[in-house]
file work39.pdb (PDB, C-alpha atoms)
MODEL        1
ATOM      1  CA  MET A  23       0.748 -21.879 -21.454
ATOM      2  CA  GLY A  24      -0.052 -18.883 -19.222
ATOM      3  CA  ARG A  25      -0.355 -19.063 -15.451
ATOM      4  CA  THR A  26      -3.899 -19.284 -14.105
ATOM      5  CA  SER A  27      -4.774 -16.228 -12.037
ATOM      6  CA  SER A  28      -5.477 -16.830  -8.359
ATOM      7  CA  LEU A  29      -8.739 -16.218  -6.531
ATOM      8  CA  PHE A  30      -7.299 -13.033  -5.040
ATOM      9  CA  GLU A  31      -5.987 -11.780  -8.389
ATOM     10  CA  ARG A  32      -9.425 -12.169  -9.937
ATOM     11  CA  TYR A  33     -10.911 -10.186  -7.055
ATOM     12  CA  LEU A  34      -8.219  -7.546  -7.518
ATOM     13  CA  ASP A  35      -9.010  -7.224 -11.237
ATOM     14  CA  ARG A  36     -12.724  -6.752 -10.569
ATOM     15  CA  THR A  37     -12.090  -4.267  -7.799
ATOM     16  CA  ARG A  38      -9.656  -2.129  -9.791
ATOM     17  CA  ARG A  39     -12.379  -0.983 -12.180
ATOM     18  CA  ARG A  40     -14.692  -0.003  -9.305
ATOM     19  CA  ILE A  41     -11.961   1.948  -7.552
ATOM     20  CA  ASP A  42     -10.903   3.730 -10.738
ATOM     21  CA  ARG A  43     -14.464   4.883 -11.379
ATOM     22  CA  ALA A  44     -14.808   6.125  -7.804
ATOM     23  CA  LEU A  45     -11.444   7.927  -7.950
ATOM     24  CA  ASP A  46     -12.379   9.605 -11.226
ATOM     25  CA  ALA A  47     -15.613  10.861  -9.688
ATOM     26  CA  ARG A  48     -13.932  12.094  -6.481
ATOM     27  CA  LEU A  49     -10.813  13.816  -7.846
ATOM     28  CA  PRO A  50     -10.982  17.348  -9.281
ATOM     29  CA  SER A  51     -10.960  17.533 -13.062
ATOM     30  CA  ALA A  52      -7.724  18.590 -14.757
ATOM     31  CA  ARG A  53      -9.825  21.389 -16.318
ATOM     32  CA  GLU A  54     -10.493  22.899 -12.868
ATOM     33  CA  GLU A  55      -8.166  25.531 -11.433
ATOM     34  CA  PRO A  56      -5.457  25.210 -10.419
ATOM     35  CA  ARG A  57      -5.098  23.098 -13.561
ATOM     36  CA  PRO A  58      -1.403  22.139 -13.213
ATOM     37  CA  LEU A  59      -2.018  20.805  -9.696
ATOM     38  CA  HIS A  60      -5.036  18.758 -10.697
ATOM     39  CA  ALA A  61      -3.231  17.440 -13.780
ATOM     40  CA  ALA A  62      -0.307  16.352 -11.583
ATOM     41  CA  ILE A  63      -2.674  14.597  -9.165
ATOM     42  CA  ARG A  64      -4.438  12.685 -11.908
ATOM     43  CA  TYR A  65      -1.164  11.819 -13.660
ATOM     44  CA  SER A  66       0.003   9.763 -10.693
ATOM     45  CA  VAL A  67      -3.326   8.422  -9.472
ATOM     46  CA  PHE A  68      -4.129   6.983 -12.904
ATOM     47  CA  ALA A  69      -0.627   5.699 -13.647
ATOM     48  CA  GLY A  70      -1.739   2.078 -13.593
ATOM     49  CA  GLY A  71      -1.555   0.979  -9.965
ATOM     50  CA  LYS A  72      -2.929  -2.378  -8.813
ATOM     51  CA  ARG A  73      -5.243  -0.752  -6.210
ATOM     52  CA  LEU A  74      -4.092  -3.375  -3.704
ATOM     53  CA  ARG A  75      -4.822  -1.404  -0.534
ATOM     54  CA  PRO A  76      -8.342  -0.378  -1.610
ATOM     55  CA  ALA A  77      -9.039  -3.976  -2.625
ATOM     56  CA  LEU A  78      -7.994  -5.251   0.803
ATOM     57  CA  CYS A  79     -10.257  -2.668   2.444
ATOM     58  CA  LEU A  80     -13.241  -3.742   0.336
ATOM     59  CA  LEU A  81     -12.471  -7.438   0.844
ATOM     60  CA  ALA A  82     -12.324  -7.033   4.631
ATOM     61  CA  CYS A  83     -15.631  -5.151   4.678
ATOM     62  CA  GLU A  84     -17.260  -7.752   2.429
ATOM     63  CA  SER A  85     -15.863 -10.578   4.539
ATOM     64  CA  VAL A  86     -17.477  -9.130   7.674
ATOM     65  CA  MET A  87     -20.819  -7.738   6.457
ATOM     66  CA  GLY A  88     -21.343  -9.493   3.123
ATOM     67  CA  ARG A  89     -21.000  -6.424   0.905
ATOM     68  CA  SER A  90     -18.291  -3.910   0.121
ATOM     69  CA  ALA A  91     -20.102  -0.840  -1.240
ATOM     70  CA  PRO A  92     -20.084   1.040   2.121
ATOM     71  CA  ALA A  93     -16.263   0.924   2.105
ATOM     72  CA  ILE A  94     -15.794   2.541  -1.321
ATOM     73  CA  PRO A  95     -15.058   6.059   0.058
ATOM     74  CA  ALA A  96     -12.471   4.666   2.490
ATOM     75  CA  ALA A  97     -10.921   2.584  -0.277
ATOM     76  CA  VAL A  98     -10.624   5.689  -2.455
ATOM     77  CA  ALA A  99      -8.993   7.583   0.418
ATOM     78  CA  LEU A 100      -6.446   4.780   0.836
ATOM     79  CA  GLU A 101      -5.397   4.991  -2.798
ATOM     80  CA  MET A 102      -5.000   8.755  -2.477
ATOM     81  CA  ILE A 103      -2.717   8.270   0.532
ATOM     82  CA  HIS A 104      -0.712   5.561  -1.200
ATOM     83  CA  THR A 105      -0.251   7.756  -4.271
ATOM     84  CA  PHE A 106       0.787  10.713  -2.092
ATOM     85  CA  SER A 107       3.514   8.526  -0.586
ATOM     86  CA  LEU A 108       4.781   7.401  -4.002
ATOM     87  CA  ILE A 109       4.966  10.946  -5.379
ATOM     88  CA  HIS A 110       6.962  12.114  -2.360
ATOM     89  CA  ASP A 111       9.151   8.986  -2.217
ATOM     90  CA  ASP A 112      10.313   9.615  -5.790
ATOM     91  CA  LEU A 113      11.471  13.186  -5.091
ATOM     92  CA  PRO A 114      15.211  13.979  -5.346
ATOM     93  CA  GLY A 115      15.342  14.660  -1.606
ATOM     94  CA  MET A 116      13.921  11.196  -0.856
ATOM     95  CA  ASP A 117      14.534   8.135  -3.077
ATOM     96  CA  ASP A 118      15.366  10.183  -6.195
ATOM     97  CA  ASP A 119      13.583   7.904  -8.671
ATOM     98  CA  ASP A 120      12.890   9.252 -12.148
ATOM     99  CA  TRP A 121      10.580   6.364 -13.065
ATOM    100  CA  ARG A 122       7.403   5.050 -11.513
ATOM    101  CA  ARG A 123       5.148   2.353 -12.967
ATOM    102  CA  GLY A 124       7.003   2.433 -16.268
ATOM    103  CA  ARG A 125       6.803   6.168 -16.942
ATOM    104  CA  PRO A 126       8.484   9.370 -15.711
ATOM    105  CA  SER A 127       7.870  10.219 -12.059
ATOM    106  CA  ASN A 128       5.589  13.101 -11.150
ATOM    107  CA  HIS A 129       8.403  15.551 -10.371
ATOM    108  CA  VAL A 130      10.087  14.816 -13.708
ATOM    109  CA  VAL A 131       6.937  15.812 -15.598
ATOM    110  CA  PHE A 132       5.534  18.598 -13.400
ATOM    111  CA  GLY A 133       8.552  19.825 -11.419
ATOM    112  CA  GLU A 134       9.463  19.255  -7.780
ATOM    113  CA  GLY A 135       7.276  22.012  -6.351
ATOM    114  CA  MET A 136       4.123  20.833  -8.080
ATOM    115  CA  ALA A 137       4.862  17.208  -7.168
ATOM    116  CA  ILE A 138       5.120  18.154  -3.482
ATOM    117  CA  LEU A 139       1.817  20.025  -3.703
ATOM    118  CA  ALA A 140       0.153  17.127  -5.542
ATOM    119  CA  GLY A 141       1.133  14.775  -2.724
ATOM    120  CA  ASP A 142      -0.016  17.251  -0.076
ATOM    121  CA  ALA A 143      -3.336  17.744  -1.846
ATOM    122  CA  LEU A 144      -3.953  13.989  -2.089
ATOM    123  CA  LEU A 145      -3.384  13.572   1.642
ATOM    124  CA  ALA A 146      -5.831  16.401   2.363
ATOM    125  CA  LEU A 147      -8.402  14.970  -0.064
ATOM    126  CA  ALA A 148      -8.089  11.564   1.570
ATOM    127  CA  PHE A 149      -8.974  12.887   5.018
ATOM    128  CA  GLU A 150     -11.770  15.020   3.589
ATOM    129  CA  THR A 151     -13.189  11.894   1.951
ATOM    130  CA  LEU A 152     -13.022   9.919   5.220
ATOM    131  CA  ALA A 153     -14.607  12.739   7.234
ATOM    132  CA  ARG A 154     -17.527  13.518   4.939
ATOM    133  CA  ALA A 155     -20.062  11.029   6.287
ATOM    134  CA  PRO A 156     -20.469   7.849   8.357
ATOM    135  CA  GLN A 157     -19.607   4.720   6.388
ATOM    136  CA  GLY A 158     -21.271   1.351   6.894
ATOM    137  CA  LYS A 159     -21.427   0.373  10.551
ATOM    138  CA  ALA A 160     -18.682   2.821  11.521
ATOM    139  CA  GLY A 161     -20.996   5.533  12.785
ATOM    140  CA  ASP A 162     -18.198   7.941  13.681
ATOM    141  CA  PRO A 163     -15.735   9.008  10.940
ATOM    142  CA  CYS A 164     -13.205   9.698  13.711
ATOM    143  CA  ALA A 165     -12.775   5.935  14.159
ATOM    144  CA  LEU A 166     -11.698   5.652  10.531
ATOM    145  CA  ILE A 167      -9.472   8.711  10.742
ATOM    146  CA  ARG A 168      -7.727   7.260  13.806
ATOM    147  CA  ILE A 169      -6.892   4.083  11.890
ATOM    148  CA  VAL A 170      -5.475   6.049   8.968
ATOM    149  CA  THR A 171      -3.465   8.501  11.069
ATOM    150  CA  GLU A 172      -1.893   5.604  12.949
ATOM    151  CA  ALA A 173      -1.008   3.934   9.655
ATOM    152  CA  THR A 174       0.470   7.073   8.083
ATOM    153  CA  GLY A 175       2.067   9.010  10.951
ATOM    154  CA  THR A 176       5.417   8.762  12.718
ATOM    155  CA  GLY A 177       4.615   5.250  13.929
ATOM    156  CA  GLY A 178       3.575   4.260  10.422
ATOM    157  CA  MET A 179       4.387   5.067   6.815
ATOM    158  CA  ILE A 180       5.978   8.511   7.332
ATOM    159  CA  GLY A 181       8.046   7.255  10.264
ATOM    160  CA  GLY A 182       9.182   4.319   8.158
ATOM    161  CA  GLN A 183      10.304   6.628   5.370
ATOM    162  CA  ALA A 184      12.231   8.698   7.924
ATOM    163  CA  MET A 185      13.988   5.536   9.085
ATOM    164  CA  ASP A 186      14.723   4.674   5.460
ATOM    165  CA  LEU A 187      16.462   8.027   4.961
ATOM    166  CA  ALA A 188      18.364   7.753   8.250
ATOM    167  CA  LEU A 189      19.655   4.265   7.421
ATOM    168  CA  GLU A 190      20.658   5.087   3.844
ATOM    169  CA  GLY A 191      24.370   4.516   3.273
ATOM    170  CA  LYS A 192      24.933   2.655   6.559
ATOM    171  CA  ARG A 193      27.314  -0.243   6.023
ATOM    172  CA  LYS A 194      25.738  -2.793   8.342
ATOM    173  CA  VAL A 195      22.108  -2.483   9.352
ATOM    174  CA  PRO A 196      20.735  -5.208  11.680
ATOM    175  CA  PHE A 197      17.948  -7.270  10.145
ATOM    176  CA  ARG A 198      15.610  -6.433  13.038
ATOM    177  CA  ARG A 199      16.100  -2.731  12.228
ATOM    178  CA  VAL A 200      15.237  -3.335   8.575
ATOM    179  CA  LEU A 201      12.111  -5.252   9.581
ATOM    180  CA  SER A 202      11.085  -2.472  11.960
ATOM    181  CA  MET A 203      11.418   0.065   9.138
ATOM    182  CA  HIS A 204       9.501  -2.134   6.694
ATOM    183  CA  SER A 205       6.704  -2.721   9.214
ATOM    184  CA  ARG A 206       6.149   1.017   9.393
ATOM    185  CA  LYS A 207       6.868   2.100   5.827
ATOM    186  CA  THR A 208       4.711  -0.511   4.087
ATOM    187  CA  GLY A 209       3.166  -2.830   6.635
ATOM    188  CA  MET A 210       1.153  -0.289   8.591
ATOM    189  CA  LEU A 211      -0.871   0.994   5.628
ATOM    190  CA  ILE A 212      -1.672  -2.545   4.457
ATOM    191  CA  ARG A 213      -2.726  -3.450   8.002
ATOM    192  CA  GLY A 214      -4.705  -0.205   8.202
ATOM    193  CA  SER A 215      -6.496  -0.993   4.935
ATOM    194  CA  LEU A 216      -7.803  -4.229   6.407
ATOM    195  CA  LEU A 217      -8.772  -2.572   9.697
ATOM    196  CA  LEU A 218     -10.681   0.156   7.837
ATOM    197  CA  GLY A 219     -12.744  -2.422   5.981
ATOM    198  CA  ALA A 220     -13.341  -4.421   9.150
ATOM    199  CA  GLU A 221     -14.421  -1.295  11.065
ATOM    200  CA  ILE A 222     -16.843  -0.255   8.326
ATOM    201  CA  GLY A 223     -18.220  -3.798   8.187
ATOM    202  CA  GLY A 224     -18.938  -3.809  11.925
ATOM    203  CA  ALA A 225     -16.379  -6.426  12.946
ATOM    204  CA  THR A 226     -16.074  -7.499  16.579
ATOM    205  CA  GLN A 227     -12.931  -6.655  18.537
ATOM    206  CA  ALA A 228     -11.788 -10.269  18.205
ATOM    207  CA  ILE A 229     -12.117 -10.189  14.403
ATOM    208  CA  LYS A 230     -10.344  -6.830  14.231
ATOM    209  CA  ARG A 231      -7.443  -8.300  16.209
ATOM    210  CA  ARG A 232      -7.220 -11.121  13.666
ATOM    211  CA  PHE A 233      -7.187  -8.643  10.795
ATOM    212  CA  SER A 234      -4.484  -6.674  12.601
ATOM    213  CA  ASP A 235      -2.291  -9.754  13.065
ATOM    214  CA  TYR A 236      -2.862 -10.920   9.502
ATOM    215  CA  GLY A 237      -2.208  -7.434   8.096
ATOM    216  CA  ALA A 238       1.029  -6.985  10.035
ATOM    217  CA  ARG A 239       2.386 -10.232   8.582
ATOM    218  CA  VAL A 240       1.339  -9.775   4.963
ATOM    219  CA  GLY A 241       2.408  -6.112   5.017
ATOM    220  CA  LEU A 242       5.926  -6.965   6.144
ATOM    221  CA  ALA A 243       6.156  -9.860   3.689
ATOM    222  CA  PHE A 244       5.004  -7.535   0.895
ATOM    223  CA  GLN A 245       7.915  -5.138   1.499
ATOM    224  CA  ILE A 246      10.458  -7.954   1.720
ATOM    225  CA  GLY A 247       9.077  -9.083  -1.633
ATOM    226  CA  ASP A 248       9.635  -5.580  -3.024
ATOM    227  CA  ASP A 249      13.242  -5.715  -1.808
ATOM    228  CA  LEU A 250      13.738  -9.025  -3.598
ATOM    229  CA  LEU A 251      12.139  -7.719  -6.802
ATOM    230  CA  ASN A 252      14.530  -4.758  -6.781
ATOM    231  CA  VAL A 253      17.433  -7.202  -6.759
ATOM    232  CA  ARG A 254      16.388  -9.645  -9.444
ATOM    233  CA  SER A 255      13.427  -8.423 -11.485
ATOM    234  CA  SER A 256      13.351  -6.182 -14.574
ATOM    235  CA  ARG A 257      12.424  -2.555 -15.231
ATOM    236  CA  LYS A 258       9.548  -3.782 -17.382
ATOM    237  CA  LYS A 259       8.091  -5.778 -14.487
ATOM    238  CA  ILE A 260       8.553  -3.304 -11.628
ATOM    239  CA  GLY A 261       8.325  -0.065 -13.622
ATOM    240  CA  LYS A 262      11.588   1.464 -12.363
ATOM    241  CA  ALA A 263      15.316   0.781 -12.380
ATOM    242  CA  VAL A 264      16.398  -2.603 -10.998
ATOM    243  CA  GLY A 265      19.196  -2.431  -8.446
ATOM    244  CA  SER A 266      18.342   1.123  -7.411
ATOM    245  CA  ASP A 267      18.197   0.127  -3.718
ATOM    246  CA  LYS A 268      21.776  -1.146  -3.752
ATOM    247  CA  ALA A 269      23.011   1.812  -5.809
ATOM    248  CA  ARG A 270      21.635   4.256  -3.212
ATOM    249  CA  GLY A 271      22.816   2.238  -0.232
ATOM    250  CA  LYS A 272      19.294   1.467   0.950
ATOM    251  CA  ALA A 273      18.729  -0.766   3.964
ATOM    252  CA  THR A 274      16.953  -3.856   2.611
ATOM    253  CA  ALA A 275      16.218  -7.396   3.739
ATOM    254  CA  PRO A 276      18.503  -9.063   1.160
ATOM    255  CA  GLY A 277      21.170  -6.481   1.882
ATOM    256  CA  ALA A 278      21.061  -7.305   5.590
ATOM    257  CA  VAL A 279      20.900 -11.116   5.493
ATOM    258  CA  GLY A 280      21.126 -12.228   1.847
ATOM    259  CA  ILE A 281      18.511 -13.325  -0.652
ATOM    260  CA  GLU A 282      17.910 -16.829   0.719
ATOM    261  CA  ARG A 283      17.268 -15.775   4.308
ATOM    262  CA  ALA A 284      15.084 -12.875   3.155
ATOM    263  CA  GLU A 285      13.022 -15.353   1.138
ATOM    264  CA  ARG A 286      12.704 -17.641   4.161
ATOM    265  CA  GLU A 287      11.535 -14.766   6.358
ATOM    266  CA  ALA A 288       8.882 -13.750   3.818
ATOM    267  CA  GLU A 289       7.714 -17.366   3.566
ATOM    268  CA  ARG A 290       7.559 -17.675   7.362
ATOM    269  CA  LEU A 291       5.428 -14.547   7.629
ATOM    270  CA  LEU A 292       3.091 -15.679   4.873
ATOM    271  CA  GLN A 293       2.638 -19.159   6.326
ATOM    272  CA  SER A 294       1.766 -17.540   9.656
ATOM    273  CA  ALA A 295      -0.729 -15.216   7.915
ATOM    274  CA  ARG A 296      -2.239 -18.156   6.076
ATOM    275  CA  ARG A 297      -2.984 -19.853   9.409
ATOM    276  CA  ILE A 298      -4.892 -16.731  10.521
ATOM    277  CA  ALA A 299      -6.881 -16.375   7.264
ATOM    278  CA  PRO A 300      -9.605 -18.997   7.982
ATOM    279  CA  GLY A 301     -10.817 -16.827  10.883
ATOM    280  CA  LEU A 302     -11.328 -13.718   8.734
ATOM    281  CA  GLY A 303     -14.966 -14.233   7.797
ATOM    282  CA  LYS A 304     -16.879 -14.899   4.615
ATOM    283  CA  ARG A 305     -13.945 -14.177   2.273
ATOM    284  CA  ALA A 306     -11.362 -16.296   4.076
ATOM    285  CA  ARG A 307     -10.459 -18.121   0.859
ATOM    286  CA  GLU A 308      -9.485 -14.848  -0.830
ATOM    287  CA  PHE A 309      -7.290 -13.966   2.151
ATOM    288  CA  GLU A 310      -5.621 -17.374   1.926
ATOM    289  CA  SER A 311      -5.156 -16.773  -1.797
ATOM    290  CA  PHE A 312      -3.549 -13.403  -1.075
ATOM    291  CA  THR A 313      -0.774 -15.106   0.881
ATOM    292  CA  GLU A 314      -0.145 -17.382  -2.123
ATOM    293  CA  PHE A 315      -0.127 -14.344  -4.414
ATOM    294  CA  LEU A 316       2.527 -12.679  -2.241
ATOM    295  CA  LEU A 317       4.539 -15.882  -2.026
ATOM    296  CA  GLY A 318       4.697 -15.880  -5.820
ATOM    297  CA  ARG A 319       6.260 -12.376  -5.731
ATOM    298  CA  THR A 320       9.112 -13.497  -3.441
ATOM    299  CA  SER A 321      10.112 -16.642  -5.334
TER     300      SER A 321
ENDMDL
END

call {"tool": "encode", "arguments": {"input": "work39.pdb", "output": "structure tokens"}}
result
Amino acid sequence: MGRTSSLFERYLDRTRRRIDRALDARLPSAREEPRPLHAAIRYSVFAGGKRLRPALCLLACESVMGRSAPAIPAAVALEMIHTFSLIHDDLPGMDDDDWRRGRPSNHVVFGEGMAILAGDALLALAFETLARAPQGKAGDPCALIRIVTEATGTGGMIGGQAMDLALEGKRKVPFRRVLSMHSRKTGMLIRGSLLLGAEIGGATQAIKRRFSDYGARVGLAFQIGDDLLNVRSSRKKIGKAVGSDKARGKATAPGAVGIERAEREAERLLQSARRIAPGLGKRAREFESFTEFLLGRTS
């Protein structure tokens, strides 16, 4: 008997189709010049991602203002940024992964140079999308751009990836250092996704602080869950080689403190996030369900 999907998973499934349609409309056609670049972009964007970050953006907006349509452009921009990070992470000079989402990585199919350009182009397209027009109750696109630059810059995703490279091969990495890296590399963009939706929905400062606290916790728990999946899942489930983190000497939560303590830390973070969820507006139940969804990934 199959497992019943959670409230959040059902929302995620509905949202994925909306995001895919919006991405298809926004991205250049593979028939447009330069064709190889646009083909490389579309190859990775439509490789079967969950669209988690866009869904969180839409859910936050809907939870605040009762509808999510005004946040669609921001949600699309988030998926572009996430895909840019995956393309670059897989490069030989970074994580050197030949597989992503169950098929060859972008650089394997299109070459390293084109993969770099595809990632660069997606980042540029994301900011162009955010800057085009006011969205929802966020009258100034600069407010949205500030959230995204904070989430992606040296204090966020890119800084986290730099820490990842610097810590690679180190024999003993303190757990607090691993958590600091994870908070930047993964946590900041998940937190930023929620803050984007809240900003577009017109959330008060108090509500935005709650989204920030909730996002920081679920984002960190999400990356600890990824570390655990890399230890004990399967290529079929995660879409790339299992055990690749250990083989490359990556700093991970289970590597720093063992599987059991890493699980306990993820559970602690998710229980804390769950206590915040009731204060997140009209879609509080979905945010509670999201913590349960993430808990299922770590166990």

call {"tool": "resolve_selection", "arguments": {"input": "work39.pdb", "expression": "the PyMOL selection byres ((chain A and resi 97) around 8)", "output": "PyMOL selection string"}}
result
chain A and resi 41+75-77+79-80+93-96+98-101+215

call {"tool": "resolve_selection", "arguments": {"input": "work39.pdb", "expression": "the PyMOL selection byres ((chain A and resi 249) around 10)", "output": "MDAnalysis selection string"}}
result
chainID A and resid 204 243:248 250:254 265 267:268 272:277 281 284 320

call {"tool": "atom_distance", "arguments": {"input": "work39.pdb", "atom1": "atom CA of Thr226 of chain A", "atom2": "atom CA of Val240 of chain A"}}
result
21.1 Å

call {"tool": "residues_around", "arguments": {"input": "work39.pdb", "residues": "Leu59 of chain A", "least_positions_apart": "3", "cutoff": "10 Å", "atoms": "only C-alpha atoms", "output": "PyMOL selection string"}}
result
chain A and resi 50+52+54-56+62-65+132+135-141+143

call {"tool": "write_last_selection", "arguments": {"input": "work39.pdb", "atoms": "C-alpha atoms", "output": "PDB file, keeping the file's coordinate frame"}}
result
ATOM      1  CA  PRO A  50     -10.982  17.348  -9.281  1.00  0.00           C
ATOM      2  CA  ALA A  52      -7.724  18.590 -14.757  1.00  0.00           C
ATOM      3  CA  GLU A  54     -10.493  22.899 -12.868  1.00  0.00           C
ATOM      4  CA  GLU A  55      -8.166  25.531 -11.433  1.00  0.00           C
ATOM      5  CA  PRO A  56      -5.457  25.210 -10.419  1.00  0.00           C
ATOM      6  CA  ALA A  62      -0.307  16.352 -11.583  1.00  0.00           C
ATOM      7  CA  ILE A  63      -2.674  14.597  -9.165  1.00  0.00           C
ATOM      8  CA  ARG A  64      -4.438  12.685 -11.908  1.00  0.00           C
ATOM      9  CA  TYR A  65      -1.164  11.819 -13.660  1.00  0.00           C
ATOM     10  CA  PHE A 132       5.534  18.598 -13.400  1.00  0.00           C
ATOM     11  CA  GLY A 135       7.276  22.012  -6.351  1.00  0.00           C
ATOM     12  CA  MET A 136       4.123  20.833  -8.080  1.00  0.00           C
ATOM     13  CA  ALA A 137       4.862  17.208  -7.168  1.00  0.00           C
ATOM     14  CA  ILE A 138       5.120  18.154  -3.482  1.00  0.00           C
ATOM     15  CA  LEU A 139       1.817  20.025  -3.703  1.00  0.00           C
ATOM     16  CA  ALA A 140       0.153  17.127  -5.542  1.00  0.00           C
ATOM     17  CA  GLY A 141       1.133  14.775  -2.724  1.00  0.00           C
ATOM     18  CA  ALA A 143      -3.336  17.744  -1.846  1.00  0.00           C
TER      19      ALA A 143
END

call {"tool": "closest_residue", "arguments": {"input": "work39.pdb", "among": "A:Ser27, A:Ser205, A:Gln183, A:Ser66", "to": "Ser127 of chain A", "atoms": "only C-alpha atoms"}}
result
A:Ser66

call {"tool": "residues_around", "arguments": {"input": "work39.pdb", "residues": "segment 154-166 of chain A", "least_positions_apart": "3", "cutoff": "9 Å", "atoms": "all atoms listed in the file", "output": "VMD selection string"}}
result
chain A and resid 83 91 to 96 149 to 151 169 to 171 217 to 218 221 to 225

call {"tool": "atom_distance", "arguments": {"input": "work39.pdb", "atom1": "atom CA of Arg199 of chain A", "atom2": "atom CA of Asp119 of chain A"}}
result
23.6 Å

call {"tool": "residues_around", "arguments": {"input": "work39.pdb", "residues": "Arg305 of chain A", "least_positions_apart": "4", "cutoff": "12 Å", "atoms": "all atoms listed in the file", "output": "JSON, numbers by chain"}}
result
{"A": [29, 30, 33, 78, 80, 81, 82, 83, 84, 85, 86, 87, 88, 89, 90, 220, 299, 300, 301, 309, 310, 311, 312]}

call {"tool": "axis_aligned_box", "arguments": {"input": "work39.pdb", "around": "segment 187-195 of chain A", "padding_each_side": "4 Å", "output": "AutoDock Vina command-line options"}}
result
--center_x 21.9 --center_y 2.6 --center_z 6.3 --size_x 18.9 --size_y 18.8 --size_z 14.1

call {"tool": "atom_distance", "arguments": {"input": "work39.pdb", "atom1": "atom CA of Glu285 of chain A", "atom2": "atom CA of Leu316 of chain A"}}
result
11.3 Å

call {"tool": "residues_around", "arguments": {"input": "work39.pdb", "residues": "segment 106-108 of chain A", "least_positions_apart": "6", "cutoff": "7 Å", "atoms": "all atoms listed in the file", "output": "number ranges by chain"}}
result
A: 141-142, 144-145

call {"tool": "residues_around", "arguments": {"input": "work39.pdb", "residues": "Gly175 of chain A", "least_positions_apart": "2", "cutoff": "12 Å", "atoms": "only C-alpha atoms", "output": "PyMOL selection string"}}
result
chain A and resi 103+107+145+167-173+177-184+206-207+210-211+214
